[in-house]
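Next up, query22.txt (compact mmCIF, C-alpha atoms and all ligand atoms):
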```
# COMPACT_ATOMS: atom_id res chain seq x y z
CA MET A 1 227.11 148.28 98.86
CA SER A 2 223.97 150.21 99.71
CA ARG A 3 221.58 147.47 100.60
CA VAL A 4 219.90 149.53 103.29
CA GLY A 5 216.51 151.13 103.70
CA GLY A 6 213.18 149.39 103.55
CA LEU A 7 213.66 147.55 100.30
CA GLU A 8 215.30 144.41 101.53
CA ARG A 9 213.18 143.90 104.63
CA LEU A 10 211.43 140.59 105.12
CA ASP A 11 208.04 140.59 106.81
CA VAL A 12 206.34 137.36 107.69
CA ARG A 13 202.81 137.08 109.00
CA VAL A 14 201.31 133.62 108.78
CA ALA A 15 197.75 133.52 110.09
CA GLU A 16 197.51 129.80 109.47
CA LYS A 17 199.26 127.03 107.56
CA ALA A 18 197.66 123.59 107.56
CA TYR A 19 198.33 120.33 105.73
CA PRO A 20 195.65 117.82 104.86
CA SER A 21 196.04 114.64 106.91
CA ALA A 22 195.39 111.02 105.99
CA THR A 23 192.08 111.17 107.86
CA GLY A 24 191.05 114.22 105.87
CA ALA A 25 191.04 116.65 108.80
CA PRO A 26 193.60 119.42 108.24
CA VAL A 27 196.54 119.58 110.62
CA VAL A 28 197.48 123.13 111.54
CA VAL A 29 201.28 123.43 111.63
CA LEU A 30 201.71 127.22 112.00
CA ARG A 31 199.29 129.72 113.52
CA GLU A 32 199.56 133.46 114.19
CA LEU A 33 203.26 133.43 113.53
CA SER A 34 204.84 136.80 112.77
CA PHE A 35 208.32 138.28 112.63
CA GLY A 36 210.39 140.56 110.45
CA LEU A 37 214.03 140.92 109.49
CA ASN A 38 215.63 144.24 108.63
CA ALA A 39 217.73 144.64 105.52
CA GLY A 40 221.00 142.79 105.95
CA GLU A 41 219.97 141.18 109.22
CA VAL A 42 220.73 137.52 109.94
CA GLY A 43 217.88 135.77 111.74
CA ALA A 44 218.10 132.28 113.17
CA LEU A 45 214.92 130.25 113.35
CA VAL A 46 215.24 127.68 116.11
CA GLY A 47 212.70 125.08 117.08
CA PRO A 48 212.17 121.39 117.73
CA SER A 49 212.09 118.81 114.97
CA GLY A 50 208.78 118.73 113.14
CA CYS A 51 207.57 122.10 114.43
CA GLY A 52 207.30 123.61 110.95
CA LYS A 53 210.62 125.32 110.19
CA SER A 54 211.04 123.90 106.68
CA THR A 55 207.37 124.56 106.04
CA LEU A 56 207.88 128.19 106.98
CA LEU A 57 210.96 128.53 104.75
CA ARG A 58 208.98 127.17 101.79
CA LEU A 59 206.26 129.75 102.42
CA ILE A 60 208.86 132.53 102.63
CA ALA A 61 210.53 131.29 99.43
CA GLY A 62 207.15 131.38 97.67
CA LEU A 63 207.37 127.65 96.89
CA ASP A 64 204.13 126.98 98.77
CA VAL A 65 201.33 129.52 98.56
CA GLU A 66 198.71 127.46 100.39
CA PHE A 67 198.46 129.48 103.59
CA SER A 68 196.60 132.45 105.00
CA GLY A 69 198.52 135.59 105.89
CA ALA A 70 201.04 137.73 104.04
CA ILE A 71 204.76 137.55 103.41
CA THR A 72 206.67 140.52 102.03
CA ARG A 73 210.00 139.58 100.54
CA PRO A 74 212.82 141.93 99.59
CA ALA A 75 211.59 143.96 96.65
CA ARG A 76 214.31 143.02 94.16
CA GLY A 77 213.79 139.50 95.27
CA ARG A 78 216.76 137.36 94.14
CA LEU A 79 216.56 134.32 96.38
CA GLY A 80 219.40 132.05 97.48
CA MET A 81 218.17 128.89 99.12
CA VAL A 82 219.79 125.88 100.71
CA PHE A 83 217.24 123.13 101.26
CA GLN A 84 217.52 120.62 104.06
CA GLU A 85 218.83 118.16 101.42
CA PRO A 86 221.38 119.58 98.95
CA ARG A 87 219.16 119.01 95.87
CA LEU A 88 221.87 119.31 93.25
CA LEU A 89 221.22 118.44 89.61
CA PRO A 90 222.74 114.94 89.44
CA TRP A 91 223.60 115.01 85.73
CA ARG A 92 225.51 118.30 85.97
CA SER A 93 228.99 118.92 87.32
CA VAL A 94 229.61 121.06 90.38
CA ILE A 95 230.51 124.14 88.32
CA ASP A 96 227.50 123.61 86.06
CA ASN A 97 225.19 123.40 89.07
CA LEU A 98 226.43 126.88 89.97
CA ARG A 99 226.25 128.17 86.38
CA ILE A 100 222.67 126.99 85.92
CA ALA A 101 221.57 128.67 89.15
CA ALA A 102 223.42 131.88 88.30
CA PRO A 103 223.69 132.21 84.51
CA LYS A 104 224.72 135.88 84.75
CA ALA A 105 227.57 135.31 87.21
CA ASP A 106 231.02 135.62 85.65
CA GLY A 107 233.42 132.71 85.69
CA ALA A 108 235.88 134.40 88.04
CA ALA A 109 233.15 135.00 90.64
CA LEU A 110 232.09 131.35 90.52
CA ASP A 111 235.71 130.20 90.77
CA ALA A 112 236.14 132.46 93.83
CA LEU A 113 233.08 130.85 95.43
CA LEU A 114 234.39 127.35 94.74
CA ASP A 115 237.64 128.43 96.35
CA ALA A 116 235.86 129.94 99.38
CA PHE A 117 234.06 126.66 100.01
CA HIS A 118 237.18 124.55 99.26
CA LEU A 119 235.55 122.98 96.24
CA THR A 120 238.05 123.81 93.49
CA ALA A 121 239.29 120.23 93.30
CA HIS A 122 235.71 119.06 92.80
CA ARG A 123 234.79 121.58 90.10
CA ASP A 124 234.12 118.97 87.43
CA HIS A 125 232.77 116.21 89.64
CA TYR A 126 229.16 115.11 89.49
CA PRO A 127 226.98 115.16 92.62
CA GLY A 128 227.02 111.35 92.78
CA GLU A 129 230.79 111.54 93.28
CA LEU A 130 230.53 113.87 96.29
CA SER A 131 230.29 113.09 99.99
CA GLY A 132 227.33 114.52 101.91
CA GLY A 133 229.50 117.32 103.31
CA LEU A 134 230.83 118.26 99.86
CA ALA A 135 227.31 118.31 98.43
CA ARG A 136 226.24 120.65 101.22
CA ARG A 137 229.14 122.97 100.41
CA VAL A 138 228.09 123.00 96.76
CA ALA A 139 224.52 123.85 97.81
CA LEU A 140 225.88 126.76 99.90
CA ALA A 141 228.11 127.99 97.06
CA ARG A 142 225.13 127.81 94.68
CA ALA A 143 222.99 129.89 97.05
CA PHE A 144 225.68 132.59 97.15
CA ALA A 145 226.30 132.40 93.38
CA VAL A 146 223.01 134.17 92.63
CA GLU A 147 224.11 137.16 94.79
CA PRO A 148 220.86 136.88 96.70
CA GLU A 149 218.86 139.67 98.27
CA LEU A 150 217.32 137.03 100.52
CA LEU A 151 219.17 133.97 101.73
CA LEU A 152 217.21 131.06 103.22
CA LEU A 153 219.28 128.28 104.78
CA ASP A 154 217.63 125.12 106.11
CA GLU A 155 220.04 123.48 108.57
CA PRO A 156 223.03 123.91 106.27
CA PHE A 157 225.60 122.59 108.76
CA VAL A 158 223.76 119.56 110.08
CA SER A 159 225.54 116.17 109.96
CA LEU A 160 228.91 117.71 109.11
CA ASP A 161 231.89 116.94 111.30
CA ALA A 162 232.54 119.60 113.92
CA ALA A 163 235.68 121.00 112.27
CA LEU A 164 234.02 121.40 108.88
CA ALA A 165 230.88 122.92 110.41
CA THR A 166 233.06 125.43 112.27
CA ARG A 167 234.91 126.34 109.08
CA LEU A 168 231.71 126.76 107.09
CA ARG A 169 230.11 128.88 109.81
CA ALA A 170 233.15 131.15 109.65
CA GLU A 171 232.83 131.29 105.87
CA LEU A 172 229.15 132.20 106.14
CA ILE A 173 229.97 134.97 108.62
CA ALA A 174 232.71 136.31 106.32
CA MET A 175 230.36 136.34 103.35
CA VAL A 176 227.46 138.09 105.02
CA GLU A 177 229.80 140.64 106.58
CA ARG A 178 231.52 141.32 103.26
CA SER A 179 228.25 141.65 101.40
CA PRO A 180 225.27 141.95 103.76
CA VAL A 181 222.23 139.96 102.77
CA THR A 182 218.98 139.48 104.64
CA THR A 183 219.36 135.90 105.87
CA LEU A 184 217.13 133.41 107.64
CA LEU A 185 218.96 130.35 108.93
CA VAL A 186 217.10 127.35 110.32
CA THR A 187 218.91 125.35 112.95
CA HIS A 188 218.28 122.98 115.86
CA ASP A 189 221.48 124.15 117.44
CA LEU A 190 220.94 127.07 119.78
CA ASP A 191 224.66 127.76 120.19
CA GLU A 192 225.10 127.86 116.42
CA ALA A 193 222.19 130.29 116.20
CA ILE A 194 223.73 132.51 118.90
CA MET A 195 227.11 132.50 117.14
CA LEU A 196 225.73 133.45 113.75
CA ALA A 197 222.60 135.52 114.13
CA ASP A 198 221.63 139.11 114.86
CA ARG A 199 218.23 137.85 115.95
CA LEU A 200 217.00 134.62 117.48
CA ILE A 201 213.48 133.66 116.53
CA LEU A 202 212.46 130.76 118.73
CA LEU A 203 209.49 128.65 117.74
CA SER A 204 207.50 126.44 120.06
CA GLY A 205 204.13 124.83 120.43
CA GLN A 206 201.82 122.97 118.15
CA PRO A 207 200.83 124.79 116.02
CA ALA A 208 204.16 126.64 116.09
CA ARG A 209 204.31 130.29 117.05
CA VAL A 210 207.14 132.68 117.88
CA ALA A 211 207.91 132.00 121.54
CA ALA A 212 210.69 134.60 121.69
CA ASP A 213 212.41 137.06 119.41
CA ILE A 214 215.75 138.05 120.91
CA ALA A 215 218.15 140.59 119.40
CA ILE A 216 221.88 139.98 119.84
CA ARG A 217 223.68 143.29 119.65
CA GLU A 218 227.28 142.22 120.21
CA LYS A 219 229.29 141.87 117.02
CA ARG A 220 229.54 138.29 115.81
CA GLY A 221 233.31 138.18 116.36
CA ASP A 222 232.98 139.51 119.96
CA ARG A 223 230.68 136.83 121.37
CA SER A 224 232.52 135.19 124.22
CA PRO A 225 231.58 131.75 125.60
CA ALA A 226 230.18 133.54 128.68
CA LEU A 227 227.97 135.77 126.54
CA ILE A 228 226.79 132.78 124.49
CA ALA A 229 225.93 130.92 127.71
CA GLU A 230 224.01 133.93 129.02
CA ILE A 231 222.00 134.31 125.83
CA ARG A 232 221.36 130.56 125.76
CA ALA A 233 219.98 130.68 129.32
CA ARG A 234 217.79 133.65 128.43
CA ALA A 235 216.50 131.88 125.33
CA LEU A 236 215.77 128.61 127.15
CA ALA A 237 213.88 130.49 129.87
CA ARG A 238 211.75 132.15 127.20
CA ILE A 239 210.97 128.84 125.45
CA GLY A 240 209.88 127.45 128.81
CA ASP A 241 207.45 130.34 129.42
N1 LIG A 301 203.73 118.00 102.47
C1 LIG A 301 203.27 117.71 103.69
N2 LIG A 301 202.07 117.13 103.88
C2 LIG A 301 201.61 116.86 105.10
N3 LIG A 301 202.27 117.15 106.24
C3 LIG A 301 203.47 117.73 106.12
C4 LIG A 301 204.04 118.04 104.85
N4 LIG A 301 205.25 118.62 105.04
C5 LIG A 301 205.43 118.67 106.38
N5 LIG A 301 204.37 118.13 107.02
C6 LIG A 301 204.20 118.06 108.49
O1 LIG A 301 204.28 119.37 109.01
C7 LIG A 301 205.02 119.39 110.22
C8 LIG A 301 206.19 120.33 110.07
O2 LIG A 301 207.13 119.79 109.14
P1 LIG A 301 208.48 120.55 108.77
O3 LIG A 301 209.22 119.71 107.80
O4 LIG A 301 208.14 121.94 108.38
O5 LIG A 301 209.20 120.57 110.20
P2 LIG A 301 210.67 121.03 110.60
O6 LIG A 301 210.54 121.94 111.77
O7 LIG A 301 211.41 121.51 109.41
O8 LIG A 301 211.31 119.65 111.09
P3 LIG A 301 212.86 119.16 111.08
O9 LIG A 301 213.55 119.98 112.14
O10 LIG A 301 212.78 117.73 111.46
O11 LIG A 301 213.40 119.40 109.71
C9 LIG A 301 205.40 117.93 110.49
O12 LIG A 301 204.46 117.41 111.38
C10 LIG A 301 205.32 117.28 109.16
O13 LIG A 301 204.98 115.94 109.29
MG MG A 302 213.04 120.84 108.41
```
Written as structure tokens, that's how I'd like the structure from this file.
Amino acid sequence: MSRVGGLERLDVRVAEKAYPSATGAPVVVLRELSFGLNAGEVGALVGPSGCGKSTLLRLIAGLDVEFSGAITRPARGRLGMVFQEPRLLPWRSVIDNLRIAAPKADGAALDALLDAFHLTAHRDHYPGELSGGLARRVALARAFAVEPELLLLDEPFVSLDAALATRLRAELIAMVERSPVTTLLVTHDLDEAIMLADRLILLSGQPARVAADIAIREKRGDRSPALIAEIRARALARIGD
């Protein structure tokens, strides 16, 4: 697959993003926040709760255009997104949730995705019949079903048991290595970010800005506990700056 070159780069430059508050005065959530991801790169956006990570993902997805600055998405622009809540269509079965998101995908490809996320037994279930973890897996499968050029994942592994989260992280790694896609993953979990990402983008402050942007050059499979600990220490020192 030749998803290289400038086409699939993501460039984010938010001069300011504010929300109106109850008192009427705007609250600035993001200010002078810039970073970019190269084609096929996996970036992890890490920051404290409420700092503006989901806000930033919505801006990048184009779901909220009320901000100043400029965001350049991959040119061909198919977007796969996992929201912080799974947001499945409740009156459609699992397979239909995938089909509706990806009407051009062939049946075999969707079946392979269900298999990859261990969802085959739940193919014809409705979202109301699924546990939280199953619903999250469906949301992940749906994001991949569109064969995205840009993948935005908002805490996709939160509140899953440790074994399932580990399995799904491995599945995500396998998928992005098999078919590279420019990916931005939001997480609170610094170790998760270090395991998965090529780049750590650490947010801090109010309004949030990029406190550190750290490249991880070692291959995902070669990251030892010692290396992860070293990168974690480096990242924490930078957040504290
Ligand atoms: N629609 C909105 N109107 C007003 N304020 C909002 C709105 N959405 C988010 N906020 C505020 O903007 C700030 C950032 O929210 P956001 O959901 O982006 O944070 P987050 O980093 O994703 O948090 P978490 O890690 O808890 O998911 C918060 O203070 C939140 O209360
Ligand atoms: Mg959030």
Report summary line: One residue among A:Leu98, A:Leu185, A:Leu37, A:Leu190 is nearest to ligand MG 302 (chain A) when using all atoms listed in the file, and that residue is A:Leu185
Grab all the atoms of stretch 27-41 of chain A that the file lists, wrap them in a box along x, y and z, add 6 Å per side, and give me centre plus edge lengths in Å (one decimal) as JSON.
```
{"center_x": 208.8, "center_y": 132.1, "center_z": 109.9, "size_x": 36.5, "size_y": 37.1, "size_z": 20.7}
```
Query raised in the report: What do you get as a PyMOL selection string if you pick all residues at most 7 Å from ligand MG 302 (chain A), counting all atoms listed in the file?
Result: chain A and resi 49-50+52-54+84+154
**Report entry** Closest of A:Glu8, A:Glu66, A:Asp111, A:Asp161 to A:Arg99 - atom-to-atom distances counting only C-alpha atoms
**Finding:** A:Asp111
Report task. Using only C-alpha atoms and all ligand atoms, find each protein or nucleic acid residue lying at most 12 Å from ligand LIG 301 (chain A); present the set as a ChimeraX atom specification. Result -> /A:17-30,45-59,63-64,66,83-85,153-156,158,185-189,202-209
Write out, as a PDB file, keeping the file's coordinate frame, the residues just selected, with C-alpha atoms.
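Once everything was written out, this is out04.pdb:
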```
ATOM      1  CA  LYS A  17     199.260 127.030 107.560  1.00  0.00           C
ATOM      2  CA  ALA A  18     197.660 123.590 107.560  1.00  0.00           C
ATOM      3  CA  TYR A  19     198.330 120.330 105.730  1.00  0.00           C
ATOM      4  CA  PRO A  20     195.650 117.820 104.860  1.00  0.00           C
ATOM      5  CA  SER A  21     196.040 114.640 106.910  1.00  0.00           C
ATOM      6  CA  ALA A  22     195.390 111.020 105.990  1.00  0.00           C
ATOM      7  CA  THR A  23     192.080 111.170 107.860  1.00  0.00           C
ATOM      8  CA  GLY A  24     191.050 114.220 105.870  1.00  0.00           C
ATOM      9  CA  ALA A  25     191.040 116.650 108.800  1.00  0.00           C
ATOM     10  CA  PRO A  26     193.600 119.420 108.240  1.00  0.00           C
ATOM     11  CA  VAL A  27     196.540 119.580 110.620  1.00  0.00           C
ATOM     12  CA  VAL A  28     197.480 123.130 111.540  1.00  0.00           C
ATOM     13  CA  VAL A  29     201.280 123.430 111.630  1.00  0.00           C
ATOM     14  CA  LEU A  30     201.710 127.220 112.000  1.00  0.00           C
ATOM     15  CA  LEU A  45     214.920 130.250 113.350  1.00  0.00           C
ATOM     16  CA  VAL A  46     215.240 127.680 116.110  1.00  0.00           C
ATOM     17  CA  GLY A  47     212.700 125.080 117.080  1.00  0.00           C
ATOM     18  CA  PRO A  48     212.170 121.390 117.730  1.00  0.00           C
ATOM     19  CA  SER A  49     212.090 118.810 114.970  1.00  0.00           C
ATOM     20  CA  GLY A  50     208.780 118.730 113.140  1.00  0.00           C
ATOM     21  CA  CYS A  51     207.570 122.100 114.430  1.00  0.00           C
ATOM     22  CA  GLY A  52     207.300 123.610 110.950  1.00  0.00           C
ATOM     23  CA  LYS A  53     210.620 125.320 110.190  1.00  0.00           C
ATOM     24  CA  SER A  54     211.040 123.900 106.680  1.00  0.00           C
ATOM     25  CA  THR A  55     207.370 124.560 106.040  1.00  0.00           C
ATOM     26  CA  LEU A  56     207.880 128.190 106.980  1.00  0.00           C
ATOM     27  CA  LEU A  57     210.960 128.530 104.750  1.00  0.00           C
ATOM     28  CA  ARG A  58     208.980 127.170 101.790  1.00  0.00           C
ATOM     29  CA  LEU A  59     206.260 129.750 102.420  1.00  0.00           C
ATOM     30  CA  LEU A  63     207.370 127.650  96.890  1.00  0.00           C
ATOM     31  CA  ASP A  64     204.130 126.980  98.770  1.00  0.00           C
ATOM     32  CA  GLU A  66     198.710 127.460 100.390  1.00  0.00           C
ATOM     33  CA  PHE A  83     217.240 123.130 101.260  1.00  0.00           C
ATOM     34  CA  GLN A  84     217.520 120.620 104.060  1.00  0.00           C
ATOM     35  CA  GLU A  85     218.830 118.160 101.420  1.00  0.00           C
ATOM     36  CA  LEU A 153     219.280 128.280 104.780  1.00  0.00           C
ATOM     37  CA  ASP A 154     217.630 125.120 106.110  1.00  0.00           C
ATOM     38  CA  GLU A 155     220.040 123.480 108.570  1.00  0.00           C
ATOM     39  CA  PRO A 156     223.030 123.910 106.270  1.00  0.00           C
ATOM     40  CA  VAL A 158     223.760 119.560 110.080  1.00  0.00           C
ATOM     41  CA  LEU A 185     218.960 130.350 108.930  1.00  0.00           C
ATOM     42  CA  VAL A 186     217.100 127.350 110.320  1.00  0.00           C
ATOM     43  CA  THR A 187     218.910 125.350 112.950  1.00  0.00           C
ATOM     44  CA  HIS A 188     218.280 122.980 115.860  1.00  0.00           C
ATOM     45  CA  ASP A 189     221.480 124.150 117.440  1.00  0.00           C
ATOM     46  CA  LEU A 202     212.460 130.760 118.730  1.00  0.00           C
ATOM     47  CA  LEU A 203     209.490 128.650 117.740  1.00  0.00           C
ATOM     48  CA  SER A 204     207.500 126.440 120.060  1.00  0.00           C
ATOM     49  CA  GLY A 205     204.130 124.830 120.430  1.00  0.00           C
ATOM     50  CA  GLN A 206     201.820 122.970 118.150  1.00  0.00           C
ATOM     51  CA  PRO A 207     200.830 124.790 116.020  1.00  0.00           C
ATOM     52  CA  ALA A 208     204.160 126.640 116.090  1.00  0.00           C
ATOM     53  CA  ARG A 209     204.310 130.290 117.050  1.00  0.00           C
TER      54      ARG A 209
END
```
Query - atom CA of A:Ala39 to atom CA of A:Arg73, distance in Å rounded to a single decimal - result: 10.5 Å
Please list as an mmCIF file with C-alpha atoms, in the frame of the given file every residue within 9 Å of A:Pro90, counting all atoms listed in the file and excluding residues in the same chain fewer than 4 positions away.
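After the write, result_6.cif holds the following:
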```
data_model
loop_
_atom_site.group_PDB
_atom_site.id
_atom_site.type_symbol
_atom_site.label_atom_id
_atom_site.label_comp_id
_atom_site.auth_asym_id
_atom_site.auth_seq_id
_atom_site.Cartn_x
_atom_site.Cartn_y
_atom_site.Cartn_z
ATOM 1 C CA ASN A 97 225.190 123.400 89.070
ATOM 2 C CA TYR A 126 229.160 115.110 89.490
ATOM 3 C CA PRO A 127 226.980 115.160 92.620
ATOM 4 C CA GLY A 128 227.020 111.350 92.780
#
```
Requested in this report: Find the distance between atom CA of A:Phe157 and atom CA of A:Pro103 and write it in Å to one decimal.
Outcome: 26.2 Å
Query raised in the report: Which is closer to A:Gly43 than all the others in A:Ala112, A:Leu10, A:Leu130, A:Val82, using all atoms listed in the file?
Result: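 The shortest atom-to-atom distance to A:Gly43 comes from A:Leu10.
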Requested in this report: Please measure the separation of atom CA of A:Arg142 and atom CA of A:Pro180, giving the value in Å to one decimal.
Outcome: 16.8 Å
Query - Counting all atoms listed in the file, the option among A:Ala44, A:Ala143, A:Ala109, A:Leu151 closest to A:Ala61 - result: A:Leu151
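Distances to A:Val65 were evaluated for A:Ala108, A:Val14, A:Arg232, A:Arg223 using only C-alpha atoms, and the minimum falls at A:Val14.
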Query raised in the report: Closest to A:Ser224 among A:Ala101, A:Leu184, A:Leu164, A:Asp191, using only C-alpha atoms?
Result: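 Closest residue, counting only C-alpha atoms: A:Asp191.
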Query - Residue contacts of stretch 131-135 of chain A (6 Å, all atoms listed in the file) excluding same-chain residues fewer than 2 positions away, as a list in words - result: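 Counting all atoms listed in the file, the residues come to Arg137, Val138 and Leu160 of chain A.
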Query - Protein and nucleic acid residues near (197.0, 133.4, 106.6) (cut-off 7 Å, all atoms listed in the file) as a VMD selection string - result: chain A and resid 14 to 17 67 to 70
**Report entry** Neighbour list for A:Ile214 as a count of residues only, cut-off 9 Å, all atoms listed in the file, skip fewer than 6 positions in-chain
**Finding:** 8
